[in-house]
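Raw final.cif, mmCIF, C-alpha atoms and all ligand atoms:
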data_target
loop_
_atom_site.group_PDB
_atom_site.id
_atom_site.type_symbol
_atom_site.label_atom_id
_atom_site.label_comp_id
_atom_site.auth_asym_id
_atom_site.auth_seq_id
_atom_site.Cartn_x
_atom_site.Cartn_y
_atom_site.Cartn_z
ATOM 1 C CA MET A 27 91.588 94.368 92.346
ATOM 2 C CA SER A 28 94.794 92.481 93.079
ATOM 3 C CA ALA A 29 96.405 92.617 96.523
ATOM 4 C CA ALA A 30 99.441 94.319 95.021
ATOM 5 C CA LEU A 31 97.412 97.259 93.688
ATOM 6 C CA ARG A 32 95.818 98.135 96.970
ATOM 7 C CA CYS A 33 98.928 98.036 99.184
ATOM 8 C CA GLY A 34 100.002 101.565 100.164
ATOM 9 C CA LEU A 35 103.223 102.946 101.620
ATOM 10 C CA CYS A 36 103.218 104.559 105.062
ATOM 11 C CA VAL A 37 106.410 106.467 105.853
ATOM 12 C CA ALA A 38 107.383 106.478 109.552
ATOM 13 C CA LEU A 39 108.549 110.024 110.347
ATOM 14 C CA ASP A 40 110.538 109.083 113.466
ATOM 15 C CA ALA A 41 112.197 112.497 113.810
ATOM 16 C CA PRO A 42 113.277 114.438 116.915
ATOM 17 C CA ASP A 43 111.686 117.678 115.656
ATOM 18 C CA LEU A 44 109.027 118.959 113.273
ATOM 19 C CA ALA A 45 111.465 120.640 110.873
ATOM 20 C CA THR A 46 113.125 117.300 110.108
ATOM 21 C CA ALA A 47 109.775 115.492 109.876
ATOM 22 C CA GLU A 48 108.363 118.127 107.508
ATOM 23 C CA ALA A 49 111.395 117.878 105.232
ATOM 24 C CA TRP A 50 110.865 114.099 105.043
ATOM 25 C CA ALA A 51 107.090 114.638 104.556
ATOM 26 C CA ARG A 52 107.666 117.016 101.631
ATOM 27 C CA ALA A 53 110.073 114.575 99.971
ATOM 28 C CA THR A 54 108.054 111.394 100.487
ATOM 29 C CA ALA A 55 104.355 112.432 100.431
ATOM 30 C CA PRO A 56 104.060 112.090 96.618
ATOM 31 C CA HIS A 57 104.858 108.376 97.019
ATOM 32 C CA ALA A 58 103.041 107.699 100.310
ATOM 33 C CA ALA A 59 99.441 106.821 101.168
ATOM 34 C CA LEU A 60 100.008 107.719 104.828
ATOM 35 C CA LEU A 61 102.590 109.527 106.951
ATOM 36 C CA LYS A 62 103.213 108.183 110.440
ATOM 37 C CA VAL A 63 103.666 110.434 113.458
ATOM 38 C CA GLY A 64 105.044 108.309 116.290
ATOM 39 C CA LEU A 65 105.917 108.672 119.939
ATOM 40 C CA GLU A 66 109.179 110.536 119.407
ATOM 41 C CA LEU A 67 107.757 113.320 117.230
ATOM 42 C CA PHE A 68 104.497 113.582 119.186
ATOM 43 C CA SER A 69 106.391 113.788 122.490
ATOM 44 C CA ALA A 70 108.578 116.569 121.106
ATOM 45 C CA GLU A 71 106.001 118.626 119.215
ATOM 46 C CA GLY A 72 102.527 117.494 120.366
ATOM 47 C CA GLY A 73 99.395 118.082 118.317
ATOM 48 C CA ALA A 74 101.113 120.685 116.132
ATOM 49 C CA ALA A 75 103.014 117.840 114.483
ATOM 50 C CA VAL A 76 99.803 116.024 113.545
ATOM 51 C CA ARG A 77 98.273 119.192 112.087
ATOM 52 C CA ALA A 78 101.428 120.088 110.132
ATOM 53 C CA ILE A 79 102.087 116.602 108.737
ATOM 54 C CA GLY A 80 98.380 116.279 107.891
ATOM 55 C CA ARG A 81 98.822 119.039 105.305
ATOM 56 C CA HIS A 82 101.047 116.656 103.299
ATOM 57 C CA ALA A 83 99.097 113.372 103.561
ATOM 58 C CA PRO A 84 96.642 111.562 105.877
ATOM 59 C CA VAL A 85 98.250 110.921 109.257
ATOM 60 C CA PHE A 86 98.722 107.598 111.000
ATOM 61 C CA LEU A 87 99.147 108.609 114.659
ATOM 62 C CA ASP A 88 101.117 105.794 116.288
ATOM 63 C CA LEU A 89 100.763 106.374 120.030
ATOM 64 C CA LYS A 90 100.031 102.724 120.920
ATOM 65 C CA LEU A 91 97.600 103.655 123.685
ATOM 66 C CA HIS A 92 97.367 101.097 126.506
ATOM 67 C CA ASP A 93 95.604 102.095 129.737
ATOM 68 C CA ILE A 94 92.290 101.645 131.542
ATOM 69 C CA PRO A 95 89.244 102.062 129.245
ATOM 70 C CA ASN A 96 88.215 105.458 130.670
ATOM 71 C CA THR A 97 91.682 106.940 130.148
ATOM 72 C CA VAL A 98 92.037 105.637 126.596
ATOM 73 C CA ALA A 99 88.542 106.923 125.725
ATOM 74 C CA GLY A 100 89.544 110.357 127.032
ATOM 75 C CA ALA A 101 92.706 110.345 124.931
ATOM 76 C CA VAL A 102 90.737 109.416 121.792
ATOM 77 C CA ARG A 103 88.329 112.300 122.466
ATOM 78 C CA ALA A 104 91.225 114.710 123.009
ATOM 79 C CA LEU A 105 92.988 113.582 119.810
ATOM 80 C CA THR A 106 89.892 113.824 117.577
ATOM 81 C CA PRO A 107 90.265 117.568 116.760
ATOM 82 C CA LEU A 108 93.756 116.830 115.371
ATOM 83 C CA ARG A 109 92.036 114.673 112.719
ATOM 84 C CA PRO A 110 94.490 111.805 112.347
ATOM 85 C CA ALA A 111 93.122 109.230 109.908
ATOM 86 C CA TRP A 112 94.377 106.293 111.992
ATOM 87 C CA LEU A 113 95.355 105.836 115.645
ATOM 88 C CA THR A 114 97.022 102.836 117.289
ATOM 89 C CA ILE A 115 95.955 101.220 120.546
ATOM 90 C CA HIS A 116 97.380 98.026 122.080
ATOM 91 C CA ALA A 117 95.183 94.940 121.587
ATOM 92 C CA ALA A 118 96.647 93.639 124.865
ATOM 93 C CA GLY A 119 94.635 96.387 126.618
ATOM 94 C CA GLY A 120 91.668 94.045 126.241
ATOM 95 C CA PRO A 121 88.180 94.155 124.721
ATOM 96 C CA GLN A 122 86.755 96.718 127.156
ATOM 97 C CA MET A 123 89.548 99.180 126.386
ATOM 98 C CA ILE A 124 89.129 98.705 122.631
ATOM 99 C CA ALA A 125 85.343 99.070 122.814
ATOM 100 C CA ALA A 126 85.704 102.256 124.883
ATOM 101 C CA ALA A 127 88.121 103.685 122.304
ATOM 102 C CA ARG A 128 85.707 102.891 119.462
ATOM 103 C CA GLU A 129 82.750 104.442 121.279
ATOM 104 C CA ALA A 130 84.737 107.594 122.038
ATOM 105 C CA ALA A 131 85.906 107.844 118.421
ATOM 106 C CA GLU A 132 82.321 107.575 117.144
ATOM 107 C CA LYS A 133 80.890 110.064 119.628
ATOM 108 C CA ALA A 134 83.637 112.636 119.067
ATOM 109 C CA GLY A 135 84.152 112.211 115.333
ATOM 110 C CA GLY A 136 80.903 110.903 113.833
ATOM 111 C CA ALA A 137 81.137 109.431 110.342
ATOM 112 C CA ASP A 138 84.528 111.056 109.879
ATOM 113 C CA ARG A 139 85.892 109.460 113.056
ATOM 114 C CA ILE A 140 89.429 108.301 113.795
ATOM 115 C CA ARG A 141 89.978 104.721 112.597
ATOM 116 C CA LEU A 142 91.511 102.418 115.219
ATOM 117 C CA LEU A 143 94.362 100.020 114.603
ATOM 118 C CA ALA A 144 95.076 97.451 117.293
ATOM 119 C CA VAL A 145 98.746 96.586 117.716
ATOM 120 C CA THR A 146 99.097 92.834 118.198
ATOM 121 C CA VAL A 147 102.732 91.868 118.948
ATOM 122 C CA LEU A 148 105.493 94.398 118.259
ATOM 123 C CA THR A 149 107.635 93.468 115.275
ATOM 124 C CA SER A 150 110.791 93.753 117.400
ATOM 125 C CA ILE A 151 109.574 90.905 119.643
ATOM 126 C CA ASP A 152 110.519 87.327 118.801
ATOM 127 C CA ALA A 153 109.391 84.041 120.361
ATOM 128 C CA ALA A 154 112.133 84.126 123.027
ATOM 129 C CA THR A 155 111.222 87.664 124.151
ATOM 130 C CA LEU A 156 107.534 86.766 124.161
ATOM 131 C CA ALA A 157 108.300 83.728 126.352
ATOM 132 C CA GLU A 158 110.234 85.975 128.753
ATOM 133 C CA THR A 159 107.057 88.009 129.237
ATOM 134 C CA GLY A 160 105.181 84.828 130.168
ATOM 135 C CA ILE A 161 103.468 84.145 126.818
ATOM 136 C CA SER A 162 104.149 80.710 125.358
ATOM 137 C CA GLY A 163 103.153 79.440 121.912
ATOM 138 C CA GLY A 164 105.038 81.987 119.809
ATOM 139 C CA PRO A 165 104.131 85.229 118.004
ATOM 140 C CA VAL A 166 101.752 83.830 115.361
ATOM 141 C CA GLN A 167 99.473 82.213 117.922
ATOM 142 C CA GLN A 168 99.476 85.359 120.079
ATOM 143 C CA VAL A 169 98.801 87.640 117.086
ATOM 144 C CA LEU A 170 95.831 85.499 116.010
ATOM 145 C CA ARG A 171 94.424 85.527 119.543
ATOM 146 C CA LEU A 172 94.809 89.301 119.939
ATOM 147 C CA GLY A 173 93.710 90.025 116.360
ATOM 148 C CA ARG A 174 90.440 88.146 116.724
ATOM 149 C CA LEU A 175 89.752 89.763 120.099
ATOM 150 C CA ALA A 176 90.484 93.273 118.812
ATOM 151 C CA MET A 177 88.290 92.988 115.707
ATOM 152 C CA GLU A 178 85.387 91.616 117.761
ATOM 153 C CA ALA A 179 85.757 94.537 120.202
ATOM 154 C CA GLY A 180 85.577 97.224 117.500
ATOM 155 C CA ALA A 181 89.018 97.812 115.983
ATOM 156 C CA ASP A 182 89.079 98.732 112.286
ATOM 157 C CA GLY A 183 92.359 96.980 111.620
ATOM 158 C CA LEU A 184 95.482 95.415 113.028
ATOM 159 C CA VAL A 185 99.197 96.072 113.126
ATOM 160 C CA CYS A 186 101.190 92.867 112.719
ATOM 161 C CA SER A 187 104.553 91.655 111.507
ATOM 162 C CA PRO A 188 105.140 90.344 107.967
ATOM 163 C CA ARG A 189 104.904 86.729 109.116
ATOM 164 C CA GLU A 190 101.356 87.112 110.404
ATOM 165 C CA VAL A 191 99.698 88.728 107.365
ATOM 166 C CA ALA A 192 98.796 85.448 105.634
ATOM 167 C CA PRO A 193 97.661 83.646 108.846
ATOM 168 C CA LEU A 194 95.496 86.676 109.789
ATOM 169 C CA ARG A 195 93.916 86.820 106.323
ATOM 170 C CA ASP A 196 93.185 83.073 106.540
ATOM 171 C CA ALA A 197 91.642 83.416 109.999
ATOM 172 C CA LEU A 198 89.779 86.747 109.712
ATOM 173 C CA GLY A 199 89.230 87.246 105.977
ATOM 174 C CA GLU A 200 89.240 90.640 104.245
ATOM 175 C CA ALA A 201 87.639 92.680 107.066
ATOM 176 C CA PRO A 202 90.683 93.870 109.022
ATOM 177 C CA VAL A 203 92.852 96.567 107.512
ATOM 178 C CA LEU A 204 96.334 95.079 107.936
ATOM 179 C CA VAL A 205 99.232 97.453 108.561
ATOM 180 C CA VAL A 206 102.694 95.927 108.540
ATOM 181 C CA PRO A 207 105.914 97.455 109.914
ATOM 182 C CA GLY A 208 109.237 95.630 109.860
ATOM 183 C CA VAL A 209 109.369 95.878 106.067
ATOM 184 C CA ARG A 210 112.774 96.151 104.419
ATOM 185 C CA PRO A 211 113.624 96.491 100.717
ATOM 186 C CA ALA A 212 115.927 93.636 99.650
ATOM 187 C CA GLY A 213 119.508 94.383 100.753
ATOM 188 C CA SER A 214 118.783 96.962 103.464
ATOM 189 C CA ALA A 215 119.625 96.593 107.186
ATOM 190 C CA ALA A 216 117.048 94.956 109.492
ATOM 191 C CA ASP A 217 117.973 97.403 112.323
ATOM 192 C CA ASP A 218 116.146 96.228 115.495
ATOM 193 C CA GLN A 219 113.257 94.566 113.639
ATOM 194 C CA ALA A 220 113.160 90.801 114.311
ATOM 195 C CA ARG A 221 110.552 89.651 111.770
ATOM 196 C CA VAL A 222 111.157 91.358 108.394
ATOM 197 C CA ALA A 223 110.043 90.902 104.747
ATOM 198 C CA THR A 224 110.205 92.875 101.488
ATOM 199 C CA PRO A 225 107.501 95.286 100.227
ATOM 200 C CA GLU A 226 106.702 92.989 97.284
ATOM 201 C CA GLU A 227 106.162 89.997 99.592
ATOM 202 C CA MET A 228 103.805 92.015 101.768
ATOM 203 C CA ALA A 229 101.728 93.329 98.856
ATOM 204 C CA GLU A 230 101.408 89.766 97.618
ATOM 205 C CA ALA A 231 100.408 88.430 101.062
ATOM 206 C CA GLY A 232 97.521 90.913 101.360
ATOM 207 C CA ALA A 233 98.814 93.795 103.505
ATOM 208 C CA ASP A 234 96.849 97.053 103.084
ATOM 209 C CA PHE A 235 99.710 99.323 104.180
ATOM 210 C CA ILE A 236 103.393 98.714 104.829
ATOM 211 C CA VAL A 237 105.217 100.963 107.304
ATOM 212 C CA VAL A 238 108.801 101.852 106.412
ATOM 213 C CA GLY A 239 110.946 104.218 108.441
ATOM 214 C CA ARG A 240 114.736 104.113 108.524
ATOM 215 C CA PRO A 241 115.326 102.613 105.045
ATOM 216 C CA ILE A 242 113.692 105.848 103.747
ATOM 217 C CA THR A 243 114.543 108.498 106.337
ATOM 218 C CA LYS A 244 118.200 107.488 106.686
ATOM 219 C CA ALA A 245 118.689 107.241 102.904
ATOM 220 C CA ALA A 246 120.798 109.889 101.171
ATOM 221 C CA ASP A 247 117.678 110.789 99.132
ATOM 222 C CA PRO A 248 114.485 109.945 101.100
ATOM 223 C CA GLY A 249 112.234 110.958 98.189
ATOM 224 C CA ALA A 250 113.988 108.555 95.828
ATOM 225 C CA ALA A 251 113.922 105.760 98.436
ATOM 226 C CA ALA A 252 110.161 106.220 98.911
ATOM 227 C CA ALA A 253 109.604 106.358 95.140
ATOM 228 C CA SER A 254 111.456 103.100 94.658
ATOM 229 C CA ILE A 255 109.409 101.323 97.362
ATOM 230 C CA GLY A 256 106.199 102.763 95.865
ATOM 231 C CA ALA A 257 107.223 101.371 92.485
ATOM 232 C CA ALA A 258 107.987 97.950 94.038
ATOM 233 C CA LEU A 259 104.471 97.878 95.538
ATOM 234 C CA ARG A 260 102.901 98.610 92.159
ATOM 235 C CA ALA A 261 105.073 96.125 90.265
HETATM 236 O O1 LIG B 1 112.521 102.364 110.900
HETATM 237 P P1 LIG B 1 111.530 101.262 110.817
HETATM 238 O O2 LIG B 1 111.118 100.930 109.402
HETATM 239 O O3 LIG B 1 111.950 100.010 111.581
HETATM 240 O O4 LIG B 1 110.238 101.842 111.533
HETATM 241 C C1 LIG B 1 109.106 101.072 111.826
HETATM 242 C C2 LIG B 1 108.082 101.925 112.500
HETATM 243 O O5 LIG B 1 106.930 101.129 112.797
HETATM 244 C C3 LIG B 1 108.533 102.549 113.806
HETATM 245 O O6 LIG B 1 107.994 103.860 113.829
HETATM 246 C C4 LIG B 1 107.884 101.694 114.896
HETATM 247 O O7 LIG B 1 107.527 102.449 116.031
HETATM 248 C C5 LIG B 1 106.634 101.199 114.178
HETATM 249 N N1 LIG B 1 106.045 99.940 114.659
HETATM 250 C C6 LIG B 1 106.753 98.749 114.711
HETATM 251 N N2 LIG B 1 106.140 97.611 115.162
HETATM 252 C C7 LIG B 1 104.855 97.630 115.527
HETATM 253 C C8 LIG B 1 104.139 98.837 115.443
HETATM 254 C C9 LIG B 1 104.764 99.977 114.992
HETATM 255 O O8 LIG B 1 107.916 98.709 114.338
HETATM 256 N N3 LIG B 1 104.249 96.514 115.896
#
Let me see whether you can do it: turn the structure in this file into structure tokens.
Ligand code: C5P
Amino acid sequence: MSAALRCGLCVALDAPDLATAEAWARATAPHAALLKVGLELFSAEGGAAVRAIGRHAPVFLDLKLHDIPNTVAGAVRALTPLRPAWLTIHAAGGPQMIAAAREAAEKAGGADRIRLLAVTVLTSIDAATLAETGISGGPVQQVLRLGRLAMEAGADGLVCSPREVAPLRDALGEAPVLVVPGVRPAGSAADDQARVATPEEMAEAGADFIVVGRPITKAADPGAAAASIGAALRA
């Protein structure tokens, strides 16, 4: 199967309330492989948002957990009854935190457990910002370091920016599921994303899912915007 055929669209439902998110979910689910519930919607509506959005498509719950291993394990256990398909944790939390999350997911969910995605370096962070936080060497080097660490500790996949998809595939092969935000159809605004690419480029590079928010949710017709990105991924 070609890389292009297996790349799915994940729509980021970054809404302030469930009514707005559900309207976007209804419009975009026919064209999406996953629907993403993030911090804003989860903070406003809690688990009800995950259950409601899950009726439209599998949910990618993007909470980017980052805490001591015991606390993250407890959160994974508490989230399991909501049945998100995917959950994000920060790779920078370290191998013990990631291993604890994996163990909790297996114990609480069994074969049907939550799949864990480790966030490497946020797509809004560029080399200068990374250097300000004390990390030299640039985003690609840091993503490779964190990506390797996270997969060895038990993550099922990684979240990375468009620029790191090809280097990660070269370094880690086909095993990690690669999820890529910061994707923009040609001609649309980059917003606050620093490292962007088009859906077609990402399908070609070997991404499994692209995450697109504002270019769809701020469009006059979100359903049509999602359909057009879905068509670009299949082209
Ligand atoms: O609107 P936009 O397409 O920029 O939305 C991207 C989504 O992906 C947001 O929900 C953001 O929280 C998320 N994300 C990201 N960078 C990461 C991980 C998640 O932009 N590294």
Using the chain letters and numbering of this document, enumerate as a list in words the residues selected by the PyMOL selection byres (((chain A and resi 132) around 12) and not hetatm).
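This file gives the following for the PyMOL selection byres (((chain A and resi 132) around 12) and not hetatm): Ala99, Val102, Arg103, Thr106, Ala125, Ala126, Ala127, Arg128, Glu129, Ala130, Ala131, Lys133, Ala134, Gly135, Gly136, Ala137, Asp138, Arg139, Ile140, Arg141, Leu142, Gly180 and Ala181 of chain A.
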Taking the file as shown, find all residues satisfying the PyMOL selection byres (((chain A and resi 240) around 9) and not hetatm) and write them as a compact mmCIF listing (two decimals) with C-alpha atoms, in the frame of the given file.
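After the write, part03.txt holds the following:
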# COMPACT_ATOMS: atom_id res chain seq x y z
CA ALA A 38 107.38 106.48 109.55
CA LEU A 39 108.55 110.02 110.35
CA ASP A 40 110.54 109.08 113.47
CA ASP A 217 117.97 97.40 112.32
CA VAL A 238 108.80 101.85 106.41
CA GLY A 239 110.95 104.22 108.44
CA PRO A 241 115.33 102.61 105.04
CA ILE A 242 113.69 105.85 103.75
CA THR A 243 114.54 108.50 106.34
CA LYS A 244 118.20 107.49 106.69
CA ALA A 245 118.69 107.24 102.90
Using Å and a single decimal, report how far atom CA of Ala261 of chain A sits from atom CA of Lys62 of chain A.
23.6 Å
What is the distance between atom CA of Leu108 of chain A and atom CA of Leu61 of chain A, in Å to one decimal?
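Separating atom CA of Leu108 of chain A from atom CA of Leu61 of chain A is a distance of 14.2 Å.
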Ligand LIG 1 (chain B) neighbours within 10 Å using only C-alpha atoms and all ligand atoms, as a VMD selection string:
chain A and resid 36 to 41 62 to 66 88 to 90 114 to 116 143 to 151 184 to 187 205 to 210 215 to 222 236 to 244
